[in-house]
Amino acid sequence: FRQRRARQMSRAIEAVSSFGVLRFLRVLWACCSALAQLLETCAESLRKLAEPEWTPEEQEAVKDAGEFKDMLRGLATLRRILWRIELAGELLVPREGGEATQDEELSDKAASLKELHDRAAAALRGARVEWSKVVADLRVLHLDIGAWEPSGCFEVGGA
């Protein structure tokens, strides 16, 4: 398992040249930003359903609707997408406590890279925050999008 994981990470790092790092960070930033917006919209929809003006019968009718069930399946998929983006981000986005030191004279490229790191990290944190809101709203509504175990994914050596 560890050898497979090490080979995957090695291939990923080899594939990312210095130009590729900038491209990767831009794509990560865009994906996380879009994912955060989508999750925010989903959380707002769930929150509206939990408002007191909805009767229990109306809530149940919405929960039974095919469109709502499709949204829940979509949320389960978004959970996996967020997990995969987080996994990819671990390769090149510094952790919150591990930011680079502040040199007074950063080169233009280094400053650009730091700015992209910061934006990508902020977007990833934003997506995590929005996901936590979705999870909280699902709990309030007593909804379950199904169990999921990341260890079963090929990225961590699963099936």
# chains A, B, ... in the order shown; residues from 1 in each chain; ligands from 1
>>> residues_around(residues="Asp144 of chain A", least_positions_apart="6", cutoff="10 Å", atoms="only C-alpha atoms", output="VMD selection string")
chain A and resid 72 76 135 138
>>> write_last_selection(atoms="N, CA, C and O atoms", output="CSV table (one decimal), in the first residue's frame")
chain,number,residue,atom,x,y,z
A,72,LEU,N,-29.6,15.2,-3.1
A,72,LEU,CA,-28.9,14.5,-2.1
A,72,LEU,C,-27.8,13.6,-2.7
A,72,LEU,O,-26.7,13.5,-2.2
A,76,ALA,N,-23.7,13.8,-2.2
A,76,ALA,CA,-22.8,12.7,-1.9
A,76,ALA,C,-21.6,12.7,-2.9
A,76,ALA,O,-20.4,12.5,-2.5
A,135,VAL,N,-23.4,19.8,6.0
A,135,VAL,CA,-23.5,18.6,6.9
A,135,VAL,C,-24.4,19.0,8.1
A,135,VAL,O,-25.3,18.3,8.5
A,138,LEU,N,-28.0,19.1,6.9
A,138,LEU,CA,-28.5,17.8,6.8
A,138,LEU,C,-28.9,17.2,8.1
A,138,LEU,O,-30.0,16.5,8.2
>>> closest_atom_pairs(of="segment 40-77 of chain A", to="segment 119-127 of chain A", cutoff="12 Å", atoms="only C-alpha atoms", output="Markdown table")
| residue | atom | partner | partner_atom | distance |
| --- | --- | --- | --- | --- |
| A:Glu40 | CA | A:Ala127 | CA | 8.5 |
| A:Thr41 | CA | A:Ala127 | CA | 11.8 |
| A:Ala43 | CA | A:Ala127 | CA | 11.8 |
>>> write_last_selection(atoms="C-alpha atoms", output="mmCIF file, in the first residue's frame")
data_model
loop_
_atom_site.group_PDB
_atom_site.id
_atom_site.type_symbol
_atom_site.label_atom_id
_atom_site.label_comp_id
_atom_site.auth_asym_id
_atom_site.auth_seq_id
_atom_site.Cartn_x
_atom_site.Cartn_y
_atom_site.Cartn_z
ATOM 1 C CA GLU A 40 -23.171 27.435 -0.287
ATOM 2 C CA THR A 41 -26.196 27.302 -2.615
ATOM 3 C CA ALA A 43 -26.717 24.770 2.205
#
>>> closest_residue(among="A:Leu22, A:Leu78, A:Leu35, A:Ala30", to="Ala111 of chain A", atoms="only C-alpha atoms")
A:Leu22
>>> atom_distance(atom1="atom CA of Pro150 of chain A", atom2="atom CA of Phe24 of chain A")
22.9 Å
>>> residues_around(residues="Ile145 of chain A", least_positions_apart="2", cutoff="12 Å", atoms="only C-alpha atoms", output="list in words")
Phe68, Lys69, Asp70, Met71, Leu72, Arg73, Gly74, Leu75, Ala76, Thr77, Leu78, Arg79, Arg80, Val134, Val135, Asp137, Leu138, Arg139, Leu141, His142, Leu143, Ala147 and Trp148 of chain A
>>> write_last_selection(atoms="N, CA, C and O atoms", output="PDB file, in the first residue's frame")
ATOM      1  N   PHE A  68     -35.396  16.412  -5.163  1.00  0.00           N
ATOM      2  CA  PHE A  68     -34.687  16.570  -3.898  1.00  0.00           C
ATOM      3  C   PHE A  68     -33.752  15.384  -3.659  1.00  0.00           C
ATOM      4  O   PHE A  68     -32.613  15.559  -3.218  1.00  0.00           O
ATOM      5  N   LYS A  69     -34.227  14.191  -3.970  1.00  0.00           N
ATOM      6  CA  LYS A  69     -33.383  12.996  -3.822  1.00  0.00           C
ATOM      7  C   LYS A  69     -32.175  13.077  -4.750  1.00  0.00           C
ATOM      8  O   LYS A  69     -31.076  12.650  -4.389  1.00  0.00           O
ATOM      9  N   ASP A  70     -32.379  13.630  -5.943  1.00  0.00           N
ATOM     10  CA  ASP A  70     -31.246  13.840  -6.854  1.00  0.00           C
ATOM     11  C   ASP A  70     -30.237  14.816  -6.261  1.00  0.00           C
ATOM     12  O   ASP A  70     -29.027  14.634  -6.404  1.00  0.00           O
ATOM     13  N   MET A  71     -30.739  15.858  -5.589  1.00  0.00           N
ATOM     14  CA  MET A  71     -29.830  16.808  -4.952  1.00  0.00           C
ATOM     15  C   MET A  71     -29.012  16.117  -3.870  1.00  0.00           C
ATOM     16  O   MET A  71     -27.805  16.350  -3.745  1.00  0.00           O
ATOM     17  N   LEU A  72     -29.632  15.233  -3.105  1.00  0.00           N
ATOM     18  CA  LEU A  72     -28.903  14.506  -2.063  1.00  0.00           C
ATOM     19  C   LEU A  72     -27.834  13.602  -2.672  1.00  0.00           C
ATOM     20  O   LEU A  72     -26.723  13.509  -2.152  1.00  0.00           O
ATOM     21  N   ARG A  73     -28.154  12.953  -3.786  1.00  0.00           N
ATOM     22  CA  ARG A  73     -27.144  12.137  -4.476  1.00  0.00           C
ATOM     23  C   ARG A  73     -26.003  13.025  -4.982  1.00  0.00           C
ATOM     24  O   ARG A  73     -24.844  12.654  -4.942  1.00  0.00           O
ATOM     25  N   GLY A  74     -26.364  14.212  -5.455  1.00  0.00           N
ATOM     26  CA  GLY A  74     -25.350  15.166  -5.896  1.00  0.00           C
ATOM     27  C   GLY A  74     -24.456  15.600  -4.748  1.00  0.00           C
ATOM     28  O   GLY A  74     -23.241  15.754  -4.920  1.00  0.00           O
ATOM     29  N   LEU A  75     -25.033  15.786  -3.565  1.00  0.00           N
ATOM     30  CA  LEU A  75     -24.234  16.153  -2.399  1.00  0.00           C
ATOM     31  C   LEU A  75     -23.249  15.044  -2.029  1.00  0.00           C
ATOM     32  O   LEU A  75     -22.110  15.314  -1.646  1.00  0.00           O
ATOM     33  N   ALA A  76     -23.683  13.800  -2.156  1.00  0.00           N
ATOM     34  CA  ALA A  76     -22.775  12.682  -1.887  1.00  0.00           C
ATOM     35  C   ALA A  76     -21.597  12.714  -2.867  1.00  0.00           C
ATOM     36  O   ALA A  76     -20.449  12.459  -2.493  1.00  0.00           O
ATOM     37  N   THR A  77     -21.877  13.059  -4.108  1.00  0.00           N
ATOM     38  CA  THR A  77     -20.814  13.172  -5.108  1.00  0.00           C
ATOM     39  C   THR A  77     -19.904  14.357  -4.809  1.00  0.00           C
ATOM     40  O   THR A  77     -18.675  14.254  -4.922  1.00  0.00           O
ATOM     41  N   LEU A  78     -20.478  15.475  -4.399  1.00  0.00           N
ATOM     42  CA  LEU A  78     -19.676  16.649  -4.052  1.00  0.00           C
ATOM     43  C   LEU A  78     -18.755  16.366  -2.866  1.00  0.00           C
ATOM     44  O   LEU A  78     -17.636  16.875  -2.804  1.00  0.00           O
ATOM     45  N   ARG A  79     -19.223  15.536  -1.938  1.00  0.00           N
ATOM     46  CA  ARG A  79     -18.375  15.138  -0.805  1.00  0.00           C
ATOM     47  C   ARG A  79     -17.121  14.440  -1.318  1.00  0.00           C
ATOM     48  O   ARG A  79     -16.017  14.728  -0.873  1.00  0.00           O
ATOM     49  N   ARG A  80     -17.298  13.546  -2.281  1.00  0.00           N
ATOM     50  CA  ARG A  80     -16.144  12.832  -2.844  1.00  0.00           C
ATOM     51  C   ARG A  80     -15.231  13.772  -3.630  1.00  0.00           C
ATOM     52  O   ARG A  80     -14.010  13.661  -3.572  1.00  0.00           O
ATOM     53  N   VAL A 134     -23.330  22.403   5.030  1.00  0.00           N
ATOM     54  CA  VAL A 134     -24.227  21.419   4.418  1.00  0.00           C
ATOM     55  C   VAL A 134     -24.466  20.268   5.386  1.00  0.00           C
ATOM     56  O   VAL A 134     -25.608  19.843   5.601  1.00  0.00           O
ATOM     57  N   VAL A 135     -23.403  19.765   5.996  1.00  0.00           N
ATOM     58  CA  VAL A 135     -23.526  18.646   6.938  1.00  0.00           C
ATOM     59  C   VAL A 135     -24.420  19.041   8.111  1.00  0.00           C
ATOM     60  O   VAL A 135     -25.296  18.261   8.526  1.00  0.00           O
ATOM     61  N   ASP A 137     -26.777  21.325   8.149  1.00  0.00           N
ATOM     62  CA  ASP A 137     -28.162  21.446   7.674  1.00  0.00           C
ATOM     63  C   ASP A 137     -28.792  20.071   7.433  1.00  0.00           C
ATOM     64  O   ASP A 137     -29.986  19.881   7.710  1.00  0.00           O
ATOM     65  N   LEU A 138     -28.012  19.136   6.946  1.00  0.00           N
ATOM     66  CA  LEU A 138     -28.528  17.777   6.767  1.00  0.00           C
ATOM     67  C   LEU A 138     -28.925  17.174   8.108  1.00  0.00           C
ATOM     68  O   LEU A 138     -29.955  16.501   8.213  1.00  0.00           O
ATOM     69  N   ARG A 139     -28.121  17.422   9.134  1.00  0.00           N
ATOM     70  CA  ARG A 139     -28.450  16.904  10.477  1.00  0.00           C
ATOM     71  C   ARG A 139     -29.741  17.519  11.003  1.00  0.00           C
ATOM     72  O   ARG A 139     -30.574  16.812  11.584  1.00  0.00           O
ATOM     73  N   LEU A 141     -32.227  18.544   9.388  1.00  0.00           N
ATOM     74  CA  LEU A 141     -33.362  17.984   8.645  1.00  0.00           C
ATOM     75  C   LEU A 141     -33.473  16.467   8.789  1.00  0.00           C
ATOM     76  O   LEU A 141     -34.342  15.842   8.186  1.00  0.00           O
ATOM     77  N   HIS A 142     -32.564  15.873   9.566  1.00  0.00           N
ATOM     78  CA  HIS A 142     -32.546  14.416   9.763  1.00  0.00           C
ATOM     79  C   HIS A 142     -32.413  13.686   8.425  1.00  0.00           C
ATOM     80  O   HIS A 142     -33.126  12.717   8.157  1.00  0.00           O
ATOM     81  N   LEU A 143     -31.495  14.180   7.603  1.00  0.00           N
ATOM     82  CA  LEU A 143     -31.242  13.576   6.294  1.00  0.00           C
ATOM     83  C   LEU A 143     -29.881  12.904   6.290  1.00  0.00           C
ATOM     84  O   LEU A 143     -28.951  13.348   6.966  1.00  0.00           O
ATOM     85  N   ALA A 147     -23.347   6.506   3.952  1.00  0.00           N
ATOM     86  CA  ALA A 147     -21.991   6.345   4.480  1.00  0.00           C
ATOM     87  C   ALA A 147     -21.001   6.303   3.327  1.00  0.00           C
ATOM     88  O   ALA A 147     -21.336   5.890   2.217  1.00  0.00           O
ATOM     89  N   TRP A 148     -19.814   6.741   3.623  1.00  0.00           N
ATOM     90  CA  TRP A 148     -18.754   6.706   2.616  1.00  0.00           C
ATOM     91  C   TRP A 148     -17.424   6.590   3.326  1.00  0.00           C
ATOM     92  O   TRP A 148     -17.158   7.306   4.286  1.00  0.00           O
TER      93      TRP A 148
END
>>> select_by_dssp(residues="segment 107-156 of chain A", states="alpha helix (DSSP H)", output="PyMOL selection string")
chain A and resi 108-140
>>> decode(residues="segment 29-62 of chain A", atoms="N, CA and C atoms", output="tab-separated table (two decimals), in the first residue's frame")
chain	number	residue	atom	x	y	z
A	29	TRP	N	-7.53	26.62	-7.29
A	29	TRP	CA	-8.22	27.82	-6.80
A	29	TRP	C	-9.60	27.94	-7.46
A	30	ALA	N	-9.65	27.78	-8.78
A	30	ALA	CA	-10.92	27.89	-9.50
A	30	ALA	C	-11.89	26.79	-9.06
A	31	CYS	N	-11.40	25.56	-8.95
A	31	CYS	CA	-12.27	24.44	-8.55
A	31	CYS	C	-12.81	24.62	-7.14
A	32	CYS	N	-11.94	25.02	-6.22
A	32	CYS	CA	-12.38	25.21	-4.84
A	32	CYS	C	-13.37	26.36	-4.73
A	33	SER	N	-13.12	27.42	-5.46
A	33	SER	CA	-14.05	28.56	-5.43
A	33	SER	C	-15.41	28.16	-5.96
A	34	ALA	N	-15.43	27.46	-7.08
A	34	ALA	CA	-16.70	27.01	-7.67
A	34	ALA	C	-17.40	26.02	-6.75
A	35	LEU	N	-16.64	25.10	-6.17
A	35	LEU	CA	-17.22	24.11	-5.26
A	35	LEU	C	-17.81	24.79	-4.02
A	36	ALA	N	-17.11	25.78	-3.49
A	36	ALA	CA	-17.62	26.51	-2.32
A	36	ALA	C	-18.92	27.22	-2.65
A	37	GLN	N	-19.00	27.83	-3.83
A	37	GLN	CA	-20.24	28.51	-4.23
A	37	GLN	C	-21.39	27.51	-4.37
A	38	LEU	N	-21.11	26.38	-4.98
A	38	LEU	CA	-22.13	25.35	-5.16
A	38	LEU	C	-22.60	24.81	-3.80
A	39	LEU	N	-21.68	24.54	-2.91
A	39	LEU	CA	-22.05	24.05	-1.59
A	39	LEU	C	-22.82	25.10	-0.79
A	40	GLU	N	-22.45	26.35	-0.96
A	40	GLU	CA	-23.17	27.43	-0.29
A	40	GLU	C	-24.63	27.47	-0.76
A	41	THR	N	-24.84	27.32	-2.06
A	41	THR	CA	-26.20	27.30	-2.62
A	41	THR	C	-26.99	26.12	-2.07
A	42	CYS	N	-26.34	24.95	-2.00
A	42	CYS	CA	-27.01	23.76	-1.46
A	42	CYS	C	-27.37	23.96	0.01
A	43	ALA	N	-26.45	24.53	0.78
A	43	ALA	CA	-26.72	24.77	2.20
A	43	ALA	C	-27.88	25.73	2.38
A	44	GLU	N	-27.93	26.77	1.54
A	44	GLU	CA	-29.05	27.72	1.62
A	44	GLU	C	-30.37	27.03	1.32
A	45	SER	N	-30.38	26.16	0.33
A	45	SER	CA	-31.61	25.42	0.00
A	45	SER	C	-32.05	24.54	1.15
A	46	LEU	N	-31.10	23.85	1.76
A	46	LEU	CA	-31.44	22.99	2.89
A	46	LEU	C	-31.92	23.82	4.08
A	47	ARG	N	-31.28	24.95	4.32
A	47	ARG	CA	-31.65	25.82	5.42
A	47	ARG	C	-33.07	26.35	5.25
A	48	LYS	N	-33.43	26.68	4.01
A	48	LYS	CA	-34.79	27.17	3.75
A	48	LYS	C	-35.83	26.11	4.10
A	49	LEU	N	-35.50	24.85	3.80
A	49	LEU	CA	-36.43	23.76	4.09
A	49	LEU	C	-36.61	23.58	5.60
A	50	ALA	N	-35.63	23.98	6.38
A	50	ALA	CA	-35.71	23.83	7.83
A	50	ALA	C	-36.41	25.02	8.50
A	51	GLU	N	-36.78	26.03	7.73
A	51	GLU	CA	-37.42	27.20	8.32
A	51	GLU	C	-38.78	26.82	8.91
A	52	PRO	N	-39.19	27.53	9.96
A	52	PRO	CA	-40.42	27.17	10.67
A	52	PRO	C	-41.71	27.29	9.86
A	53	GLU	N	-41.70	28.08	8.79
A	53	GLU	CA	-42.95	28.21	8.04
A	53	GLU	C	-43.31	26.96	7.24
A	54	TRP	N	-42.40	26.01	7.13
A	54	TRP	CA	-42.69	24.74	6.47
A	54	TRP	C	-43.34	23.80	7.48
A	55	THR	N	-44.49	23.25	7.12
A	55	THR	CA	-45.11	22.26	7.99
A	55	THR	C	-44.36	20.94	7.82
A	56	PRO	N	-44.46	20.06	8.81
A	56	PRO	CA	-43.81	18.75	8.66
A	56	PRO	C	-44.27	17.99	7.41
A	57	GLU	N	-45.55	18.16	7.06
A	57	GLU	CA	-46.06	17.49	5.87
A	57	GLU	C	-45.42	18.04	4.60
A	58	GLU	N	-45.26	19.37	4.56
A	58	GLU	CA	-44.62	19.99	3.40
A	58	GLU	C	-43.15	19.57	3.30
A	59	GLN	N	-42.47	19.51	4.43
A	59	GLN	CA	-41.08	19.07	4.43
A	59	GLN	C	-40.97	17.64	3.90
A	60	GLU	N	-41.85	16.77	4.36
A	60	GLU	CA	-41.82	15.38	3.91
A	60	GLU	C	-42.10	15.27	2.41
A	61	ALA	N	-43.05	16.09	1.94
A	61	ALA	CA	-43.36	16.07	0.50
A	61	ALA	C	-42.12	16.48	-0.31
A	62	VAL	N	-41.40	17.48	0.15
A	62	VAL	CA	-40.19	17.91	-0.55
A	62	VAL	C	-39.14	16.81	-0.48
